[in-house]
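Asker: Here you go, this is work.cif (mmCIF, C-alpha atoms).
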```cif
data_input
loop_
_atom_site.label_atom_id
_atom_site.label_comp_id
_atom_site.auth_asym_id
_atom_site.auth_seq_id
_atom_site.Cartn_x
_atom_site.Cartn_y
_atom_site.Cartn_z
CA SER A 17 -11.11 111.42 121.71
CA ARG A 18 -11.98 108.58 119.35
CA TRP A 19 -15.12 110.40 118.20
CA GLN A 20 -13.15 113.59 117.42
CA ALA A 21 -10.55 111.60 115.47
CA ARG A 22 -13.27 109.90 113.44
CA TRP A 23 -15.01 113.21 112.79
CA GLY A 24 -11.67 114.70 111.71
CA ARG A 25 -11.05 111.89 109.22
CA GLU A 26 -14.56 112.22 107.79
CA ALA A 27 -14.13 116.00 107.45
CA MET A 28 -10.81 115.50 105.63
CA ASP A 29 -12.40 112.96 103.29
CA GLU A 30 -15.21 115.37 102.46
CA ALA A 31 -12.73 118.20 101.85
CA ARG A 32 -10.65 115.94 99.58
CA LYS A 33 -13.74 114.95 97.60
CA LEU A 34 -14.72 118.60 97.21
CA LEU A 35 -11.26 119.51 95.86
CA ASP A 36 -11.34 116.51 93.53
CA SER A 37 -14.73 117.56 92.19
CA LEU A 38 -13.50 121.10 91.53
CA MET A 39 -9.96 120.49 90.32
CA GLY A 40 -9.85 116.84 89.31
CA ASN A 41 -8.41 113.87 91.18
CA ASN A 42 -4.92 114.39 89.74
CA ARG A 43 -4.50 117.88 91.18
CA ASN A 44 -1.44 116.81 93.24
CA VAL A 45 0.33 114.94 90.45
CA ASP A 46 3.73 116.12 89.18
CA LYS A 47 3.40 118.67 86.33
CA LYS A 48 5.13 116.42 83.79
CA GLU A 49 2.91 113.51 84.75
CA ALA A 50 -0.15 115.75 84.69
CA LYS A 51 0.73 116.89 81.17
CA LYS A 52 0.88 113.27 79.99
CA THR A 53 -2.57 112.47 81.35
CA LYS A 54 -4.21 115.79 80.52
CA GLY A 55 -7.57 115.20 78.91
CA GLN A 56 -7.54 111.51 79.90
CA ASN A 57 -8.08 111.75 83.66
CA PHE A 58 -11.83 111.12 83.40
CA LYS A 59 -11.00 107.50 82.49
CA ASP A 60 -9.45 106.87 85.90
CA GLU A 61 -11.10 104.17 88.04
CA SER A 62 -11.57 106.65 90.87
CA VAL A 63 -13.93 108.77 88.73
CA CYS A 64 -17.64 107.89 88.85
CA LYS A 65 -18.72 106.89 85.36
CA HIS A 66 -22.41 107.07 86.30
CA PHE A 67 -21.89 110.73 87.15
CA LEU A 68 -20.20 111.28 83.78
CA ALA A 69 -23.22 109.64 82.14
CA GLY A 70 -25.38 112.26 83.80
CA PHE A 71 -26.78 110.57 86.88
CA CYS A 72 -25.28 108.74 89.86
CA PRO A 73 -28.10 107.25 91.99
CA LYS A 74 -25.86 106.92 95.04
CA HIS A 75 -24.59 110.49 94.72
CA GLU A 76 -28.21 111.70 94.61
CA ALA A 77 -28.85 109.83 97.90
CA LEU A 78 -31.93 108.05 96.55
CA PHE A 79 -34.06 106.22 99.15
CA HIS A 80 -31.79 107.61 101.91
CA SER A 81 -32.63 106.20 105.38
CA THR A 82 -35.09 103.65 103.93
CA LYS A 83 -34.93 99.88 103.54
CA ARG A 84 -33.84 100.49 99.96
CA ASP A 85 -30.97 102.86 100.85
CA LEU A 86 -28.28 102.55 98.14
CA GLY A 87 -25.48 103.87 100.32
CA LYS A 88 -22.92 106.51 99.34
CA CYS A 89 -20.84 106.53 96.19
CA THR A 90 -17.15 106.52 97.12
CA LYS A 91 -15.93 107.68 93.71
CA VAL A 92 -15.16 111.21 92.51
CA HIS A 93 -17.99 113.33 91.09
CA SER A 94 -16.06 116.03 89.30
CA ASP A 95 -17.27 118.78 86.99
CA ALA A 96 -13.65 119.06 85.81
CA MET A 97 -13.76 115.41 84.71
CA MET A 98 -17.09 116.06 82.99
CA ASP A 99 -15.46 118.91 81.04
CA GLU A 100 -12.58 116.62 80.06
CA LEU A 101 -15.00 114.02 78.75
CA GLN A 102 -16.94 116.60 76.72
CA GLN A 103 -13.73 117.93 75.14
CA HIS A 104 -12.31 114.50 74.33
CA PRO A 105 -12.21 113.63 70.58
CA GLN A 106 -14.04 110.37 71.29
CA ALA A 107 -16.48 111.85 73.80
CA GLU A 108 -19.54 110.26 72.17
CA ARG A 109 -18.02 106.76 72.33
CA TYR A 110 -17.09 107.09 75.99
CA ARG A 111 -20.41 108.69 76.89
CA ALA A 112 -22.30 105.85 75.18
CA ASP A 113 -20.20 103.33 77.11
CA TYR A 114 -20.86 105.08 80.44
CA GLU A 115 -24.58 105.42 79.68
CA GLY A 116 -24.66 101.69 78.96
CA GLN A 117 -23.05 101.01 82.35
CA LEU A 118 -25.58 103.28 84.04
CA LYS A 119 -28.49 101.61 82.24
CA GLY A 120 -27.29 98.18 83.37
CA TYR A 121 -26.95 99.39 86.97
CA LEU A 122 -30.42 100.95 87.00
CA GLU A 123 -31.91 97.77 85.54
CA SER A 124 -30.22 95.76 88.30
CA LEU A 125 -31.79 98.10 90.89
CA VAL A 126 -35.22 97.50 89.36
CA ARG A 127 -34.69 93.71 89.37
CA ASP A 128 -33.57 93.81 93.00
CA ALA A 129 -36.61 95.91 93.95
CA ASP A 130 -38.97 93.53 92.10
CA GLU A 131 -37.40 90.53 93.82
CA TRP A 132 -37.68 92.29 97.19
CA VAL A 133 -41.39 93.04 96.64
CA ALA A 134 -42.09 89.48 95.46
CA ARG A 135 -40.27 88.02 98.48
CA GLU A 136 -42.05 90.31 100.94
CA ARG A 137 -45.40 89.53 99.30
CA ARG A 138 -44.77 85.79 99.71
CA ASN A 139 -43.87 86.37 103.38
CA ILE A 140 -47.07 88.35 103.92
CA GLN A 141 -49.19 85.68 102.24
CA GLN A 142 -47.61 82.99 104.39
CA ALA A 143 -48.13 85.02 107.58
CA ASN A 144 -51.76 85.67 106.63
CA ARG A 145 -52.35 81.96 105.95
CA GLU A 146 -50.90 81.06 109.33
CA LEU A 147 -53.10 83.67 111.02
CA GLU A 148 -56.14 82.41 109.16
CA GLU A 149 -55.40 78.82 110.20
CA SER A 150 -54.59 79.60 113.83
CA GLY A 151 -57.48 82.04 114.18
CA PRO A 152 -57.66 84.67 116.95
CA ASN A 153 -55.05 84.74 119.72
CA GLU A 154 -55.74 83.29 123.17
CA LEU A 155 -57.07 86.54 124.66
CA ALA A 156 -59.48 87.01 121.76
CA LYS A 157 -60.54 83.36 121.91
CA ALA A 158 -61.33 83.66 125.63
CA GLU A 159 -63.39 86.83 125.11
CA ILE A 160 -65.26 85.35 122.14
CA ALA A 161 -66.05 82.21 124.14
CA ARG A 162 -67.28 84.30 127.10
CA LEU A 163 -69.57 86.40 124.92
CA ASN A 164 -70.95 83.38 123.06
CA GLU A 165 -71.71 81.71 126.39
CA GLN A 166 -73.58 84.82 127.57
CA ALA A 167 -75.57 84.83 124.33
CA ARG A 168 -76.38 81.13 124.71
CA LEU A 169 -77.68 81.61 128.26
CA LEU A 170 -79.80 84.60 127.22
CA LEU A 171 -81.35 82.60 124.39
CA GLU A 172 -82.23 79.83 126.84
CA GLU A 173 -83.83 82.40 129.14
CA ALA A 174 -85.69 83.92 126.18
CA GLU A 175 -87.02 80.50 125.21
CA ALA A 176 -88.12 79.84 128.80
CA ALA A 177 -89.86 83.23 128.98
CA ALA A 178 -91.68 82.55 125.71
CA GLU A 179 -92.91 79.20 127.05
CA LYS A 180 -94.43 81.14 129.95
CA SER A 181 -96.05 83.53 127.45
CA ASN A 182 -93.80 86.34 128.70
CA PHE A 183 -93.12 87.50 125.15
CA ALA A 184 -91.93 91.02 126.01
CA ASP A 185 -89.21 89.65 128.31
CA SER A 186 -88.35 86.98 125.72
CA LYS A 187 -87.90 89.64 123.03
CA ILE A 188 -85.62 91.73 125.23
CA LYS A 189 -83.40 88.74 126.02
CA MET A 190 -83.22 87.74 122.34
CA GLU A 191 -82.16 91.28 121.40
CA LEU A 192 -79.49 91.23 124.13
CA ALA A 193 -78.25 87.86 122.86
CA ALA A 194 -78.03 89.20 119.30
CA ASP A 195 -76.11 92.25 120.51
CA ILE A 196 -73.63 90.07 122.42
CA ARG A 197 -73.15 87.81 119.40
CA ASN A 198 -72.35 90.90 117.33
CA ARG A 199 -69.72 91.88 119.90
CA ALA A 200 -68.20 88.39 119.64
CA SER A 201 -68.12 88.76 115.86
CA ASP A 202 -66.40 92.15 116.25
CA TRP A 203 -63.69 90.50 118.36
CA SER A 204 -63.15 87.91 115.68
CA GLU A 205 -62.89 90.59 112.95
CA ARG A 206 -60.43 92.65 115.01
CA ALA A 207 -58.25 89.57 115.43
CA LYS A 208 -58.13 89.18 111.63
CA ALA A 209 -57.46 92.89 111.09
CA SER A 210 -53.82 92.44 112.11
CA ARG A 211 -53.20 90.84 108.71
CA THR A 212 -51.12 92.83 106.23
CA GLU A 213 -52.92 93.18 102.92
CA ASP A 214 -49.97 93.86 100.61
CA VAL A 215 -46.47 95.30 100.26
CA CYS A 216 -45.63 98.71 98.82
CA GLU A 217 -44.51 98.44 95.19
CA ILE A 218 -42.06 101.34 95.64
CA CYS A 219 -40.27 100.89 98.97
CA GLY A 220 -41.10 97.27 99.82
#
```
Starting from the coordinates I provided, produce the structure as structure tokens.

Answerer:
Amino acid sequence: SRWQARWGREAMDEARKLLDSLMGNNRNVDKKEAKKTKGQNFKDESVCKHFLAGFCPKHEALFHSTKRDLGKCTKVHSDAMMDELQQHPQAERYRADYEGQLKGYLESLVRDADEWVARERRNIQQANRELEESGPNELAKAEIARLNEQARLLLEEAEAAAEKSNFADSKIKMELAADIRNRASDWSERAKASRTEDVCEICG
């Protein structure tokens, strides 16, 4: 089936990468050709220079399955190539070059993350402004209006009772009106609670 064929290709790729990491990516090269390149194979484009510098963020699967997923590194991560680099007469020069490349890449990741956070923060601020301007949604507006109307009617009844010297009844109705107004205020606060306060500095 198509799925089995895809799985087979992926398994072969993983096996090839494993052999490359153990034996080097020139393991199948002719012996004469291999002798010519011996000790120089780590320079090949297929070898991950970040790994040779000591740390490949993609190989470590940083932020895997998050919005900041870096993806997989398609280059070879080989201990054999690391040994070649360490034994090379100009190892320090190459290592410094690869560390510089890694530093530049990591700095670009930080810039991208900062830009992501800034962009998301602007989006949140805009969404919060729109919510603040539009106020509660229609359902909340209807409930707030209903509660405020109940409170208004109770206050009118309380005033009428007070005019008839029925102060006990007036007090009860005023307390009920205050309680209903508090419920209306709670509805308004819940409508505002859907706002997002900020964006995570780490994952965005």

Asker: Distance atom CA of Ile160 of chain A-atom CA of Ala176 of chain A, one decimal place?

Answerer: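 Atom-to-atom, atom CA of Ile160 of chain A to atom CA of Ala176 of chain A, that is 24.4 Å.
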
Asker: Let me have the centre and edge lengths of the axis-aligned box enclosing all listed atoms of segment 59-68 of chain A with 5 Å padding on every side, in Å to one decimal, as JSON.

Answerer:
```
{"center_x": -15.9, "center_y": 107.7, "center_z": 86.7, "size_x": 23.0, "size_y": 17.1, "size_z": 18.4}
```

Asker: Which residues match the PyMOL selection byres ((chain A and resi 169) around 12) in the file above, as a CSV table (one decimal) with C-alpha atoms, in the frame of the given file?

Answerer:
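Below is the file that was written, part_0.csv:
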```csv
chain,number,residue,atom,x,y,z
A,162,ARG,CA,-67.3,84.3,127.1
A,163,LEU,CA,-69.6,86.4,124.9
A,164,ASN,CA,-71.0,83.4,123.1
A,165,GLU,CA,-71.7,81.7,126.4
A,166,GLN,CA,-73.6,84.8,127.6
A,167,ALA,CA,-75.6,84.8,124.3
A,168,ARG,CA,-76.4,81.1,124.7
A,170,LEU,CA,-79.8,84.6,127.2
A,171,LEU,CA,-81.4,82.6,124.4
A,172,GLU,CA,-82.2,79.8,126.8
A,173,GLU,CA,-83.8,82.4,129.1
A,174,ALA,CA,-85.7,83.9,126.2
A,175,GLU,CA,-87.0,80.5,125.2
A,176,ALA,CA,-88.1,79.8,128.8
A,189,LYS,CA,-83.4,88.7,126.0
A,190,MET,CA,-83.2,87.7,122.3
A,192,LEU,CA,-79.5,91.2,124.1
A,193,ALA,CA,-78.2,87.9,122.9
A,194,ALA,CA,-78.0,89.2,119.3
A,196,ILE,CA,-73.6,90.1,122.4
A,197,ARG,CA,-73.2,87.8,119.4
```

Asker: Neighbouring residues of segment 113-122 of chain A were defined as those with any atom within 7 Å, considering all atoms listed in the file; residues of the same chain fewer than 6 positions away were excluded. Please report them as a ChimeraX atom specification.

Answerer: /A:65-66,69

Asker: What does the distance between atom CA of Phe71 of chain A and atom CA of Arg127 of chain A come to in Å, to one decimal place?

Answerer: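 About the pair atom CA of Phe71 of chain A and atom CA of Arg127 of chain A: they are 18.8 Å apart.
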
Asker: Could you please determine the separation between atom CA of Asp202 of chain A and atom CA of Arg137 of chain A in Å, to one decimal place?

Answerer: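 Between atom CA of Asp202 of chain A and atom CA of Arg137 of chain A the gap works out to 27.1 Å.
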
Asker: With distances taken over all atoms listed in the file, which of A:Ala161, A:Asp130, A:Ala107, A:Gln141 is nearest to Arg199 of chain A?

Answerer: A:Ala161

Asker: With only C-alpha atoms as the basis for distance, which of A:Lys91, A:Asp185, A:Arg84, A:Glu61 is at the shortest distance from Val126 of chain A?

Answerer: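 Smallest separation from Val126 of chain A among the options: A:Arg84.
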
Asker: Running the PyMOL selection byres ((chain A and resi 97) around 8) on this model by hand, what would come out? Give it as a compact mmCIF listing (two decimals) with C-alpha atoms, in the frame of the given file.

Answerer:
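The new file part_10.txt reads:
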```
# COMPACT_ATOMS: atom_id res chain seq x y z
CA SER A 37 -14.73 117.56 92.19
CA GLY A 40 -9.85 116.84 89.31
CA ASN A 57 -8.08 111.75 83.66
CA PHE A 58 -11.83 111.12 83.40
CA VAL A 63 -13.93 108.77 88.73
CA LEU A 68 -20.20 111.28 83.78
CA HIS A 93 -17.99 113.33 91.09
CA SER A 94 -16.06 116.03 89.30
CA ASP A 95 -17.27 118.78 86.99
CA ALA A 96 -13.65 119.06 85.81
CA MET A 98 -17.09 116.06 82.99
CA ASP A 99 -15.46 118.91 81.04
CA GLU A 100 -12.58 116.62 80.06
CA LEU A 101 -15.00 114.02 78.75
```
